[in-house]
Each structure stands twice: as structure tokens, then as C-alpha cells.
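Containing mmCIF, C-alpha atoms: work_17.cif.
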```cif
data_entry
#
loop_
_atom_site.label_atom_id
_atom_site.label_comp_id
_atom_site.auth_asym_id
_atom_site.auth_seq_id
_atom_site.Cartn_x
_atom_site.Cartn_y
_atom_site.Cartn_z
CA MET N 1 -30.29 -26.92 64.62
CA THR N 2 -28.93 -26.95 61.10
CA GLU N 3 -26.32 -29.34 59.80
CA GLN N 4 -24.08 -26.30 59.92
CA THR N 5 -24.28 -26.31 63.73
CA ARG N 6 -22.93 -29.83 63.69
CA ALA N 7 -20.08 -28.80 61.40
CA VAL N 8 -19.22 -25.83 63.62
CA LEU N 9 -19.12 -28.09 66.68
CA VAL N 10 -16.88 -30.59 64.91
CA LYS N 11 -14.54 -27.82 63.82
CA ALA N 12 -14.33 -26.39 67.35
CA ALA N 13 -13.67 -29.88 68.76
CA LEU N 14 -11.01 -30.51 66.14
CA ARG N 15 -9.19 -27.32 67.09
CA ALA N 16 -9.54 -27.94 70.83
CA ILE N 17 -8.34 -31.55 70.71
CA TYR N 18 -5.53 -30.68 68.32
CA ASN N 19 -4.28 -27.93 70.62
CA SER N 20 -4.46 -29.93 73.84
CA SER N 21 -6.00 -33.35 74.44
CA PHE N 22 -9.29 -35.19 74.66
CA GLU N 23 -9.27 -35.31 78.44
CA SER N 24 -8.55 -31.65 78.96
CA ILE N 25 -11.43 -30.32 76.92
CA GLY N 26 -15.06 -30.06 78.02
CA VAL N 27 -18.35 -29.90 76.18
CA ALA N 28 -19.06 -26.46 77.69
CA ALA N 29 -15.79 -25.04 76.35
CA ILE N 30 -16.45 -26.47 72.91
CA THR N 31 -19.99 -25.11 72.62
CA GLU N 32 -18.77 -21.74 73.87
CA GLN N 33 -15.93 -21.78 71.34
CA ALA N 34 -18.39 -22.76 68.62
CA GLY N 35 -20.84 -20.07 69.73
CA VAL N 36 -23.79 -22.44 70.02
CA PRO N 37 -26.00 -23.18 73.04
CA LYS N 38 -24.93 -26.19 75.08
CA GLY N 39 -28.30 -27.84 74.50
CA SER N 40 -27.69 -28.06 70.79
CA PHE N 41 -24.64 -30.22 71.45
CA TYR N 42 -26.79 -33.10 72.67
CA HIS N 43 -29.03 -32.76 69.68
CA TRP N 44 -26.12 -33.80 67.48
CA PHE N 45 -23.91 -35.89 69.74
CA SER N 46 -24.64 -38.27 72.58
CA SER N 47 -21.24 -37.73 74.18
CA LYS N 48 -17.91 -35.93 73.96
CA GLU N 49 -16.49 -39.23 72.72
CA GLU N 50 -18.86 -39.27 69.77
CA LEU N 51 -17.90 -35.69 68.91
CA ALA N 52 -14.22 -36.63 69.09
CA GLY N 53 -14.91 -39.48 66.65
CA ALA N 54 -16.44 -36.98 64.23
CA ALA N 55 -13.44 -34.65 64.70
CA ILE N 56 -11.07 -37.53 63.87
CA ASP N 57 -13.04 -38.22 60.68
CA ALA N 58 -12.88 -34.52 59.77
CA PHE N 59 -9.11 -34.52 60.29
CA ALA N 60 -8.82 -37.63 58.11
CA ASP N 61 -10.99 -35.98 55.43
CA ALA N 62 -8.71 -32.93 55.35
CA GLY N 63 -5.69 -35.22 55.06
CA ALA N 64 -7.30 -37.13 52.21
CA GLN N 65 -7.99 -33.86 50.38
CA LEU N 66 -4.36 -32.79 50.78
CA ARG N 67 -3.06 -36.15 49.54
CA LYS N 68 -5.44 -36.00 46.57
CA GLU N 69 -3.88 -32.68 45.59
CA LEU N 70 -0.27 -33.60 46.25
CA LEU N 71 -0.01 -37.27 45.37
CA ALA N 72 -2.13 -37.37 42.21
CA ASP N 73 -0.35 -38.28 38.99
CA ASP N 74 0.77 -34.96 37.50
CA GLY N 75 3.46 -36.35 35.25
CA ARG N 76 6.20 -36.43 37.88
CA PRO N 77 7.61 -39.82 38.94
CA PRO N 78 5.67 -41.33 41.89
CA ILE N 79 8.57 -41.29 44.37
CA GLU N 80 9.17 -37.63 43.57
CA ARG N 81 5.51 -36.85 44.34
CA LEU N 82 5.80 -38.82 47.57
CA ARG N 83 8.83 -36.82 48.61
CA ALA N 84 7.10 -33.54 47.72
CA TYR N 85 4.10 -34.61 49.82
CA PHE N 86 6.22 -35.18 52.94
CA GLU N 87 8.20 -32.00 52.30
CA HIS N 88 4.96 -30.05 52.12
CA SER N 89 3.86 -31.62 55.40
CA ILE N 90 7.11 -30.52 57.02
CA LEU N 91 6.48 -26.95 55.89
CA LEU N 92 3.02 -27.07 57.49
CA LEU N 93 4.49 -28.41 60.73
CA LYS N 94 7.06 -25.63 60.76
CA LYS N 95 4.30 -23.06 60.32
CA GLN N 96 2.79 -24.46 63.53
CA LYS N 97 6.20 -24.08 65.18
CA LEU N 98 6.53 -27.91 65.46
CA LYS N 99 3.99 -27.88 68.27
CA ASN N 100 0.98 -29.82 67.05
CA GLY N 101 2.07 -32.87 65.13
CA CYS N 102 -0.64 -35.25 63.93
CA MET N 103 -4.04 -35.49 65.57
CA LEU N 104 -4.35 -39.19 64.74
CA GLY N 105 -1.05 -39.87 66.47
CA ASN N 106 -1.79 -37.66 69.45
CA LEU N 107 -5.17 -39.26 70.09
CA SER N 108 -3.88 -42.78 69.44
CA LEU N 109 -1.53 -42.54 72.37
CA GLU N 110 -4.02 -40.76 74.58
CA MET N 111 -7.23 -42.61 73.82
CA ALA N 112 -6.77 -45.82 71.80
CA GLY N 113 -6.24 -47.85 74.97
CA ARG N 114 -9.31 -46.40 76.66
CA SER N 115 -11.96 -45.93 74.01
CA GLU N 116 -12.70 -48.65 71.50
CA LEU N 117 -14.92 -46.20 69.59
CA LEU N 118 -12.11 -43.67 69.15
CA ARG N 119 -9.58 -46.41 68.42
CA MET N 120 -11.73 -47.52 65.50
CA HIS N 121 -12.00 -43.98 64.12
CA LEU N 122 -8.23 -43.53 64.48
CA ASN N 123 -7.50 -46.87 62.87
CA ALA N 124 -9.76 -46.01 59.93
CA GLY N 125 -7.99 -42.66 59.49
CA PHE N 126 -4.58 -44.37 59.40
CA GLU N 127 -5.88 -46.99 56.96
CA ARG N 128 -7.04 -44.33 54.49
CA TRP N 129 -3.66 -42.61 54.75
CA GLU N 130 -1.74 -45.84 54.32
CA THR N 131 -3.84 -46.76 51.27
CA ALA N 132 -2.96 -43.46 49.57
CA LEU N 133 0.75 -44.03 50.18
CA ARG N 134 0.47 -47.62 49.00
CA GLU N 135 -1.11 -46.58 45.71
CA VAL N 136 1.81 -44.28 44.89
CA LEU N 137 4.28 -47.02 45.82
CA ILE N 138 2.46 -49.57 43.67
CA GLU N 139 2.76 -47.14 40.77
CA ALA N 140 6.48 -46.74 41.53
CA LYS N 141 6.92 -50.50 41.59
CA PHE N 142 5.05 -50.88 38.31
CA ARG N 143 7.37 -48.30 36.73
CA GLY N 144 10.43 -50.08 38.10
CA GLU N 145 11.31 -47.25 40.48
CA LEU N 146 11.01 -49.37 43.62
CA SER N 147 13.42 -52.15 44.51
CA VAL N 148 12.02 -55.58 43.64
CA ASP N 149 12.74 -56.60 47.24
CA LEU N 150 10.24 -54.07 48.57
CA ASP N 151 6.53 -54.69 48.98
CA PRO N 152 4.46 -51.49 48.46
CA SER N 153 1.98 -52.41 51.22
CA GLU N 154 4.73 -53.02 53.76
CA VAL N 155 6.65 -49.91 52.76
CA ALA N 156 3.49 -47.79 53.02
CA ALA N 157 2.85 -48.99 56.59
CA TYR N 158 6.50 -48.62 57.59
CA LEU N 159 6.64 -45.06 56.19
CA LEU N 160 3.47 -44.00 57.96
CA ASN N 161 4.58 -45.45 61.28
CA GLY N 162 8.06 -43.95 60.92
CA TRP N 163 6.53 -40.58 60.11
CA GLU N 164 4.37 -40.72 63.25
CA GLY N 165 7.45 -41.57 65.29
CA ALA N 166 9.37 -38.64 63.79
CA LEU N 167 6.47 -36.31 64.68
CA LEU N 168 6.45 -37.65 68.23
CA ARG N 169 10.16 -37.02 68.68
CA MET N 170 9.81 -33.62 67.05
CA LYS N 171 7.43 -32.65 69.84
CA ALA N 172 9.81 -33.86 72.54
CA THR N 173 12.89 -32.17 71.09
CA ARG N 174 11.02 -29.15 69.65
CA SER N 175 13.25 -29.53 66.59
CA ASP N 176 12.78 -30.63 62.99
CA LEU N 177 15.80 -32.93 63.10
CA PRO N 178 13.67 -36.11 63.45
CA LEU N 179 11.79 -35.10 60.29
CA ILE N 180 15.04 -34.45 58.40
CA LEU N 181 16.38 -37.84 59.49
CA PHE N 182 13.17 -39.52 58.37
CA MET N 183 13.43 -37.93 54.92
CA ARG N 184 17.07 -38.93 54.57
CA PHE N 185 16.68 -42.58 55.63
CA VAL N 186 13.55 -43.04 53.55
CA PHE N 187 14.26 -41.10 50.37
CA ASP N 188 18.06 -41.33 50.16
CA GLY N 189 18.15 -44.85 51.63
CA LEU N 190 15.18 -47.21 51.56
CA LEU N 191 13.51 -45.92 48.40
CA LYS N 192 16.80 -45.51 46.51
CA GLN N 193 17.95 -49.10 46.95
CA LYS N 194 17.95 -51.27 43.86
CA MET X 195 7.85 -38.33 105.68
CA THR X 196 10.58 -40.68 104.70
CA GLU X 197 12.26 -40.81 101.31
CA GLN X 198 10.27 -44.00 100.90
CA THR X 199 7.04 -41.97 100.85
CA ARG X 200 8.42 -40.06 97.91
CA ALA X 201 9.32 -43.28 96.10
CA VAL X 202 5.85 -44.73 96.73
CA LEU X 203 4.23 -41.59 95.33
CA VAL X 204 6.44 -41.69 92.24
CA LYS X 205 5.60 -45.34 91.69
CA ALA X 206 1.86 -44.69 92.03
CA ALA X 207 2.12 -41.74 89.62
CA LEU X 208 4.11 -43.84 87.16
CA ARG X 209 1.43 -46.52 87.14
CA ALA X 210 -1.44 -44.02 86.92
CA ILE X 211 0.09 -42.01 84.07
CA TYR X 212 1.14 -45.14 82.22
CA ASN X 213 -2.37 -46.57 82.41
CA SER X 214 -4.17 -43.42 81.38
CA SER X 215 -2.78 -39.89 80.92
CA PHE X 216 -1.42 -36.93 82.81
CA GLU X 217 -4.65 -34.94 82.51
CA SER X 218 -6.92 -37.68 83.71
CA ILE X 219 -5.17 -38.35 87.01
CA GLY X 220 -5.48 -36.32 90.18
CA VAL X 221 -3.27 -35.82 93.21
CA ALA X 222 -6.01 -37.24 95.46
CA ALA X 223 -6.21 -40.46 93.45
CA ILE X 224 -2.43 -40.85 93.49
CA THR X 225 -2.06 -40.35 97.24
CA GLU X 226 -4.96 -42.74 97.82
CA GLN X 227 -3.36 -45.31 95.51
CA ALA X 228 -0.05 -44.83 97.29
CA GLY X 229 -1.74 -45.10 100.69
CA VAL X 230 -0.26 -41.85 102.02
CA PRO X 231 -2.04 -38.76 103.37
CA LYS X 232 -2.64 -36.04 100.81
CA GLY X 233 -0.67 -33.56 102.91
CA SER X 234 2.52 -35.56 102.49
CA PHE X 235 2.28 -35.07 98.74
CA TYR X 236 3.00 -31.38 99.07
CA HIS X 237 5.91 -32.10 101.35
CA TRP X 238 7.66 -33.79 98.44
CA PHE X 239 6.21 -32.14 95.35
CA SER X 240 5.02 -28.65 94.61
CA SER X 241 2.67 -29.80 91.85
CA LYS X 242 1.34 -32.76 89.91
CA GLU X 243 3.61 -31.63 87.08
CA GLU X 244 6.70 -32.00 89.27
CA LEU X 245 5.56 -35.48 90.31
CA ALA X 246 5.07 -36.41 86.65
CA GLY X 247 8.64 -35.25 85.96
CA ALA X 248 9.89 -37.59 88.68
CA ALA X 249 7.76 -40.42 87.23
CA ILE X 250 9.30 -39.84 83.79
CA ASP X 251 12.79 -40.04 85.34
CA ALA X 252 11.84 -43.27 87.13
CA PHE X 253 10.58 -44.76 83.85
CA ALA X 254 13.84 -43.72 82.15
CA ASP X 255 15.85 -45.28 85.01
CA ALA X 256 14.01 -48.59 84.60
CA GLY X 257 14.69 -48.46 80.86
CA ALA X 258 18.37 -47.77 81.46
CA GLN X 259 18.57 -50.76 83.80
CA LEU X 260 16.96 -53.02 81.20
CA ARG X 261 19.31 -51.79 78.47
CA LYS X 262 22.29 -52.30 80.74
CA GLU X 263 21.27 -55.94 81.14
CA LEU X 264 20.36 -56.62 77.53
CA LEU X 265 22.78 -54.51 75.52
CA ALA X 266 25.99 -55.05 77.48
CA ASP X 267 28.81 -56.83 75.68
CA ASP X 268 28.30 -60.52 76.48
CA GLY X 269 30.32 -61.91 73.61
CA ARG X 270 27.49 -61.77 71.05
CA PRO X 271 27.87 -59.43 68.06
CA PRO X 272 26.44 -55.93 68.77
CA ILE X 273 23.68 -56.04 66.16
CA GLU X 274 22.54 -59.39 67.55
CA ARG X 275 22.30 -57.86 71.04
CA LEU X 276 20.37 -54.93 69.61
CA ARG X 277 17.90 -57.28 67.94
CA ALA X 278 17.51 -59.30 71.13
CA TYR X 279 16.84 -56.09 73.06
CA PHE X 280 13.97 -55.07 70.75
CA GLU X 281 12.62 -58.64 70.69
CA HIS X 282 12.58 -58.66 74.49
CA SER X 283 10.71 -55.33 74.43
CA ILE X 284 8.12 -56.81 72.08
CA LEU X 285 7.57 -59.68 74.50
CA LEU X 286 6.99 -57.20 77.33
CA LEU X 287 4.49 -55.27 75.20
CA LYS X 288 2.63 -58.47 74.38
CA LYS X 289 2.41 -59.28 78.08
CA GLN X 290 0.62 -55.95 78.49
CA LYS X 291 -1.69 -56.96 75.62
CA LEU X 292 -0.23 -54.19 73.40
CA LYS X 293 -2.12 -51.61 75.42
CA ASN X 294 0.46 -49.43 77.12
CA GLY X 295 3.32 -48.67 74.76
CA CYS X 296 6.01 -46.30 75.96
CA MET X 297 5.42 -43.73 78.68
CA LEU X 298 7.91 -41.31 77.13
CA GLY X 299 6.05 -41.45 73.84
CA ASN X 300 2.60 -41.21 75.41
CA LEU X 301 3.51 -38.16 77.47
CA SER X 302 5.43 -36.53 74.62
CA LEU X 303 2.30 -36.31 72.55
CA GLU X 304 0.11 -35.35 75.47
CA MET X 305 2.29 -32.89 77.33
CA ALA X 306 5.41 -31.78 75.44
CA GLY X 307 3.52 -28.94 73.76
CA ARG X 308 2.03 -27.75 77.03
CA SER X 309 4.66 -28.18 79.72
CA GLU X 310 8.23 -27.12 79.13
CA LEU X 311 9.22 -28.86 82.39
CA LEU X 312 7.83 -32.22 81.27
CA ARG X 313 9.19 -31.76 77.76
CA MET X 314 12.69 -31.44 79.23
CA HIS X 315 12.28 -34.59 81.33
CA LEU X 316 10.96 -36.47 78.28
CA ASN X 317 13.74 -35.19 76.08
CA ALA X 318 16.35 -36.26 78.62
CA GLY X 319 14.80 -39.74 78.81
CA PHE X 320 14.94 -40.11 75.03
CA GLU X 321 18.54 -38.85 74.97
CA ARG X 322 19.67 -41.50 77.46
CA TRP X 323 17.96 -44.18 75.41
CA GLU X 324 19.42 -42.93 72.15
CA THR X 325 22.90 -42.83 73.68
CA ALA X 326 22.65 -46.50 74.68
CA LEU X 327 21.59 -47.49 71.16
CA ARG X 328 24.34 -45.34 69.64
CA GLU X 329 27.03 -47.05 71.74
CA VAL X 330 26.04 -50.48 70.44
CA LEU X 331 25.98 -49.16 66.87
CA ILE X 332 29.41 -47.55 67.27
CA GLU X 333 30.71 -50.93 68.43
CA ALA X 334 29.10 -52.55 65.38
CA LYS X 335 30.69 -49.98 63.10
CA PHE X 336 34.09 -50.52 64.71
CA ARG X 337 33.75 -54.26 64.11
CA GLY X 338 32.76 -53.70 60.49
CA GLU X 339 29.20 -54.96 61.04
CA LEU X 340 27.55 -51.69 60.03
CA SER X 341 27.57 -50.32 56.49
CA VAL X 342 30.21 -47.63 56.02
CA ASP X 343 27.43 -45.39 54.66
CA LEU X 344 25.63 -45.39 58.00
CA ASP X 345 26.35 -43.02 60.87
CA PRO X 346 25.75 -44.65 64.29
CA SER X 347 24.33 -41.43 65.79
CA GLU X 348 21.84 -40.98 62.99
CA VAL X 349 20.86 -44.64 62.95
CA ALA X 350 20.32 -44.58 66.73
CA ALA X 351 17.94 -41.60 66.45
CA TYR X 352 16.15 -43.07 63.45
CA LEU X 353 15.66 -46.42 65.21
CA LEU X 354 14.33 -44.84 68.37
CA ASN X 355 11.90 -42.61 66.46
CA GLY X 356 10.80 -45.50 64.26
CA TRP X 357 10.23 -47.65 67.32
CA GLU X 358 8.06 -44.98 68.92
CA GLY X 359 6.05 -44.75 65.71
CA ALA X 360 5.59 -48.52 65.63
CA LEU X 361 4.34 -48.43 69.24
CA LEU X 362 1.91 -45.65 68.38
CA ARG X 363 0.45 -47.60 65.47
CA MET X 364 0.35 -50.75 67.59
CA LYS X 365 -2.00 -48.93 69.95
CA ALA X 366 -4.25 -47.78 67.13
CA THR X 367 -4.43 -51.19 65.44
CA ARG X 368 -4.21 -53.26 68.64
CA SER X 369 -1.86 -55.55 66.72
CA ASP X 370 1.83 -56.35 66.81
CA LEU X 371 2.16 -56.02 63.02
CA PRO X 372 3.78 -52.54 63.24
CA LEU X 373 6.44 -54.01 65.55
CA ILE X 374 7.08 -56.93 63.21
CA LEU X 375 7.43 -54.53 60.26
CA PHE X 376 9.85 -52.38 62.25
CA MET X 377 12.03 -55.41 63.02
CA ARG X 378 12.02 -56.54 59.41
CA PHE X 379 12.88 -53.18 57.84
CA VAL X 380 15.54 -52.43 60.43
CA PHE X 381 17.23 -55.77 60.99
CA ASP X 382 16.71 -57.48 57.62
CA GLY X 383 17.06 -54.22 55.68
CA LEU X 384 18.84 -51.16 57.04
CA LEU X 385 21.32 -52.93 59.32
CA LYS X 386 22.07 -55.71 56.82
CA GLN X 387 23.11 -53.41 53.98
CA LYS X 388 26.77 -53.39 53.09
#
```
Could you spell out this file's structure in C-alpha cells?
Amino acid sequence: MTEQTRAVLVKAALRAIYNSSFESIGVAAITEQAGVPKGSFYHWFSSKEELAGAAIDAFADAGAQLRKELLADDGRPPIERLRAYFEHSILLLKKQKLKNGCMLGNLSLEMAGRSELLRMHLNAGFERWETALREVLIEAKFRGELSVDLDPSEVAAYLLNGWEGALLRMKATRSDLPLILFMRFVFDGLLKQK
Amino acid sequence: MTEQTRAVLVKAALRAIYNSSFESIGVAAITEQAGVPKGSFYHWFSSKEELAGAAIDAFADAGAQLRKELLADDGRPPIERLRAYFEHSILLLKKQKLKNGCMLGNLSLEMAGRSELLRMHLNAGFERWETALREVLIEAKFRGELSVDLDPSEVAAYLLNGWEGALLRMKATRSDLPLILFMRFVFDGLLKQK
């Protein structure tokens, strides 16, 4: 019953939920996938819902790590780093053959209306993401690279929501066109305006 | 075994899927909800998946009817009609306490990666919607109300995707702020530019 068992369960849940949905997975399948006895599950989690909450946090942690690497000030202008961050994300999505999208988005539509616990985990994950985008946009504004008409907080939220919408449509069309459109309207339009 | 039985089943499925998810509903619950014997289900549908496809089409039909009423040329400028259409949609979402969102979006994230049949129904529903938006934007362009830099087809797709993203975030935050931001960036920004 080490902490490692917990981490293995979270990782298995993350993969299972990411590949299908919350509803379609079962505790038995997750413990089997994780290679731990079913009993140990209830040592760490009181319910599948609680495990899903931990999986959401793990997904958000991984995202935060990626943003830390890609959005940190490395001498390039902030908007350029922001563009590179989204371009990198598109490459990752293509590696997954445009099938998975974003776990926060997927679970928001499936579970946010039915589980207040999961909704709060999802909301927190989005907030962390939005904060990271906002910080880069504030830097851009400070350096005069963002139109004076634009508010970094509002732009950060609008970008994140638009990105989630592009991912959703990507899944329905099985094409990267929605992502390309997003990049064009945001980086050649909105963020270029003076 | 009248056609009406089929319609009642589709309506019950539509409500069930809209309120929860594809995975979490069962044929037994739908036939019970519809008040028809379980056997009659298999007279009309070979699987729950096929029924869900019909429910998606019914949702898309209802959307098309609404757009026909709200987007048709009634003498007002096209962009004004477009704004009124989205504002009306926001009112409907508020009536549902921001809980449901869009069935096409919900099912896209849940099922598009797992059912090619449902993905095609979802894709078709989005295409119809996008076409209706595009027609209004083409009219706006023709009347000189849309920036010459903007392509009506691209704007239509970008709006639809952005709207789906705003709905997704609305569910996670349980707030209408994402919808308000969408309206502001689209109607006070993108569609105002010259």
C-alpha cells in the first residue's frame, strides 16, 4: 500500500478516462490495468469519482509542466512563445491521430453537469491553464505587443475556450482544420491588431 | 408499431442523452421512458447506437428550425440577425440553468472517437449549422458589412467552434461569463473590424 500504488492507479485512470469516458470505465478494469488488487483501490479512494478527481489533477499537473517549459521567458517575444506553445500542442494532437483532445474538455461535457466534485476539479484545472496564458499576455501588453483595446485576462479566457472548441470540432471532423483556423484567427487576427 | 412509436423513442433518447450521456443510458430505460414495450425498440432500431444517430438528427432538425426562424432575412442587417440568434440561444441556455449545453458538442467529445457512425451524424449536424451561419455571413459580405479581409466560410467555422468552446467552459464554470466573452470578442471585435 505504498504511495506508488496510488500513483499507478491514478495513471491507469487517467489513461482509461482519456481513451474513453468516465461512465464507461470500471474500478475493476482500472485495478487490473494498474496491476494492483481491487482491495487496494478502496484504501486510497472512496469512489471512482474521487479517483477521477485525482486523474484530472494529474492531467492538469502535466499541462502545467508543459506550459512551464514552453511559455517561460527564454528571450523570445511573449506572443511568439504563445504561438509556439499552441503549435507544439497541435503536434501532440496529431501524434494521437486527432482522437483524444483534452481531458478537461472531454470530462467537462460528460461530467460537469452531474458531479459537483469533478466540476470543481475541472474548473481548477482550467483556471491554472488560463492563469498561465494570462501571464504571457500581461507580459505582451507590458511590452506593447498587445493592442491597448485588449484585456489580457479576457483574451486568456477567450483563447482557452476557443481552443477547447477547436479540439471538440477536431474530434467531430477528424481533421486538424479547426486547429488551423484557430491559429489563424488568433495569431494573424486578434493578437496582431493594433 | 406506428411511425409514431419511432418518434417517441427518438424523443426519449434525445432527452436521456441530453441530460446525461450515451454510455449511461440503456435501451430498457429509454423504452420505459417512452412508454413502449422493449420489443418494439428492435423493430425500429438495430442498436442503441443507431437510435443515438436518429436522436442527433432530431436535435439537428430542431436547430435548423430555430435558425430558419431567427436568421431568415426579415429586413434587419445580417450581422444583427446573427447576434440576435446567439442572444436567443443564451437565453435558452439560461433557462436550462447552464447545465445542458449542446448535444452535438457533448456527444462529439464522448463518442466521436469511438463510433464512426455517430461521428458522421455529429459531423453532418455541425455542417448544417455552419452552412446556415455562412449564408448570413455571405449576405453581410455582399452588403459590405463584413471586413474584406474575412472569408464567410472561415468565419462561420470559427464562430461555431468558438461557440462550442464557450458552452464547454460554461459547463465547467457553471457561469455565463464564457458566453458573454464570446459575444464581445465576436460581435464587438471580429465582426466590427473594417
Resolved residues for the PyMOL selection byres ((chain X and resi 321) around 12) as a PyMOL selection string: (chain N and resi 169+172-173) or (chain X and resi 251+254+257-258+298+314-320+322-328+347+350-351+354-355)
The PyMOL selection byres ((chain N) within 8 of (chain X)) resolved against shown file, as a PyMOL selection string: chain N and resi 20-21+23-24+99-100+105-106+108-110+112-114+119-120+122-123+154+157-158+161-166+168-169+171-173+178+181-182+185+190
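Near N:Asp151, within 9 Å and counting only C-alpha atoms, sit Leu137, Ile138, Lys141, Leu146 and Ala156 of chain N; same-chain residues fewer than 5 positions away were not included.
Here atom CA of N:His88 stands at a distance of 23.8 Å from atom CA of N:Ala16.
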Residues returned when the PyMOL selection byres ((chain X and resi 272) around 12) runs on this file, as a PyMOL selection string: chain X and resi 264-271+273-279+326-340+385
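Among the candidates X:Glu263, X:Ala201, X:Ser283, X:Leu311, the residue lying nearest to X:Gly247 is X:Leu311 (atoms considered: all atoms listed in the file).
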